[in-house]
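These notes are about the structure you will find just below.
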Amino acid sequence: MLAIQVDFSSAVPVYRQIADELRALIAQGQLADGAELPSVRDLSGRVGVNLNTVAKAYRILSDEGVVDLRHGSRAKVQVPSAPYRRSDMDDVERRLEDVVSRLVLAGASRKEVERMVQQMLERFFDCAK
Amino acid sequence: MEHIARLSLAATILIVWATVHLIARAEGQRVFFMYIGRDITGRDRACARRTRIANAFFALGGVLVAMSSTSEVQLALVASVLPLVPIAWMLVEFTLLSRTMPSHVPPARYVVPLDDPPPWHAFVSLPLQAANAALVLLSAAAFWLLSASLPRRIALHFDLHGRPNRWGSPGELWVLGGTMLFDLLLLWFVVLMVTKERWALPADRRTEYTELSMQRRTLIVRMVEWIMLGINGAMAVIWLGVTLGTLRPAVVGVSIGLGVALMAVGIIGPMLAYMRRLSRVGDAMRELGGSEALGTHPDGWRYGGFVYYAPDDPALFVPKQRGIGQTLNFARPGAWVFLFVVLVLPLALGLGGVVAASGK
């Protein structure tokens, strides 16, 4: 089942959550290159949020180059063909470091963190392509 | 005729009694079929018992007045006010009870499928829909055939003693057919409202939850299909009975009596058959980490979870948080337009009619 998750109790804004969920589906290959995303109105009705919230999520993905936004037509997935730039990797590293710090402070052991990362890698690389 | 009018009034009172008696229960975590968020206590049982006793008391009193009173004013008062008393009693009991309910909001985290949801026709029963539509069409055809043999002026309204107090053209009886058509439109409105409801699932056990959600929607649609079939069957009997009654007056009383009885069975029967099943499905949804109102904004529920006000939620109708069925999102202007059309406008038109009639 192709689905996205939202959490109104999270500190992460809903538009960011929608963008993150769609990005993960694209990275896992569940939303293939060229696949049409639901229209902004349709997705806002399905999720139960304002039109602007979904539009903002689509704009984030468009700025990252994983979604093609064209006026008058539905947003389409475009899997970037160029490798990540060094500046992008820096940002990802910072975010990973933040996640690991939170896990360590929450009391997770090295093994638990490794297992979590391993499971996630399997989910992405087994699903993709 | 007078006898039939009294019996119809008594039957109406009994319909209300049976409906309230059916709803006034405390079982599991529900009082009056409303989810209270905790196990029921002796106090909840007493609340339901009090409502049943008061309901029986008012129904008995109403039936006695209906069968014995000679004052038309007294009868009119019984007909218009008494059926509302047990319902008001139940509302007051529940409002007092709501103070003891723990605050309860639907889970803030949910999953939204991106696949197309099941179409509206996956939830309807084609035989019931066809029967409803056929009933309206056949009644209209029968009335049209009968109306050719009617006199140009017929009695349209009767006093308590069965004496006509308003005359008019047979064409005015089409208003009863209009009521049937309105019921049919109301049925389709409910079907669309329920089937277009948001698909929101808990993070885990999504397949099981989807099945429960499908079941819940199907049960609501089926209950309304049966209720509308019962109401329209009763309306058809009354419509054709009143039409035939202009040729044979004895038929009017029988058809009204039969129509009221059919309406009672048509409303109470489906409620009896479906309300408990709907409660069970709702409870099963909660056990899987969801709720009927999953997919609504937790901050939007106000006044103990009875009013929904969520400006960021584009939905006009949302599932009730504690009860069975749907409620309005009062942050949408459409909700106020809807309330105006279904409550204020008919009331204003009715009052206008009464004022105009009394001025004549």
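Please note that chains go A, B, ... in the order of the structure tokens, that every chain numbers its residues from 1, and that ligands are numbered from 1 in the order shown.
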
*Mind checking which residues fall within 10 Å of segment 27-32 of chain B, counting only C-alpha atoms, ignoring those fewer than 4 positions away in the same chain, and posting them as a list in words?*
Val20, His21, Leu22, Ile23, Ile36, Gly37, Arg38, Asp39, Ile40, Thr41, Asp44, Arg45, Cys47, Ala48, Thr51, Met90, Leu91, Glu93, Phe94, Leu97, Arg276, Ser279, Arg280, Asp283, Arg322 and Gly323 of chain B

Set out as CSV a contact list for segment 271-322 of chain B and segment 221-224 of chain B with a cut-off of 10 Å, giving each residue of segment 271-322 of chain B that qualifies its closest atom pair and distance in Å to one decimal, counting only C-alpha atoms, ordered by chain and rising residue number.
residue,atom,partner,partner_atom,distance
B:Met271,CA,B:Met223,CA,6.8
B:Leu272,CA,B:Met223,CA,9.6
B:Ala273,CA,B:Met223,CA,8.1
B:Tyr274,CA,B:Met223,CA,6.2
B:Met275,CA,B:Met223,CA,8.5
B:Leu278,CA,B:Met223,CA,9.9

*With a distance threshold of 12 Å and counting only C-alpha atoms, extract the residues of chain A near chain B and express them as a ChimeraX atom specification.*
/A:1-10,14,17-18,21-22,25,30-31,36-39,41-54

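Closest to Ser68 of chain B among B:Ala131, B:Ser291, B:Leu7, B:Thr246 is B:Leu7, based on only C-alpha atoms.
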
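When DSSP reads the backbone of this structure, the residues of segment 83-203 of chain B it assigns to strand (DSSP E) are B:Arg109, B:Tyr110, B:Val111, B:Val112, B:Pro113, B:Ile154, B:Ala155, B:Leu156, B:His157, B:Phe158, B:Pro164, B:Asn165, B:Arg166, B:Trp167, B:Gly168.
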
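Atom CA of Gln326 of chain B is found 18.5 Å from atom CA of Ala284 of chain B.
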
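Restricting the calculation to only C-alpha atoms, the smallest distance between Val190 of chain B and any of B:Ser149, B:Ser103, B:Thr327, B:Ser213 is found for B:Thr327.
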
*What lies within 9 Å of segment 58-63 of chain A using only C-alpha atoms, ignoring chain neighbours under 5 positions off, as a count of residues only?*
12

*Looking only at helix (DSSP H, G or I) from DSSP on the backbone, list the matching residues of chain A as number ranges by chain.*
A: 14-27, 40-47, 51-64, 86-105, 110-127

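What separates atom CA of Ala236 of chain B from atom CA of Leu173 of chain B is a distance of 11.7 Å.
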
*Rounded to one decimal in Å, what is the spacing between atom CA of Leu328 of chain B and atom CA of Phe306 of chain B?*
10.2 Å

_Need the shell around Met67 of chain B: protein/DNA/RNA residues with any atom at most 9 Å away, counting only C-alpha atoms. Skip same-chain ones fewer than 5 positions apart. Format as an MDAnalysis selection string?_
chainID B and resid 3 6:7 9:10 62

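Taking only C-alpha atoms into account, Gly305 of chain B lies nearest to B:Ala293 out of the set B:Ile220, B:Val63, B:Leu229, B:Ala293.
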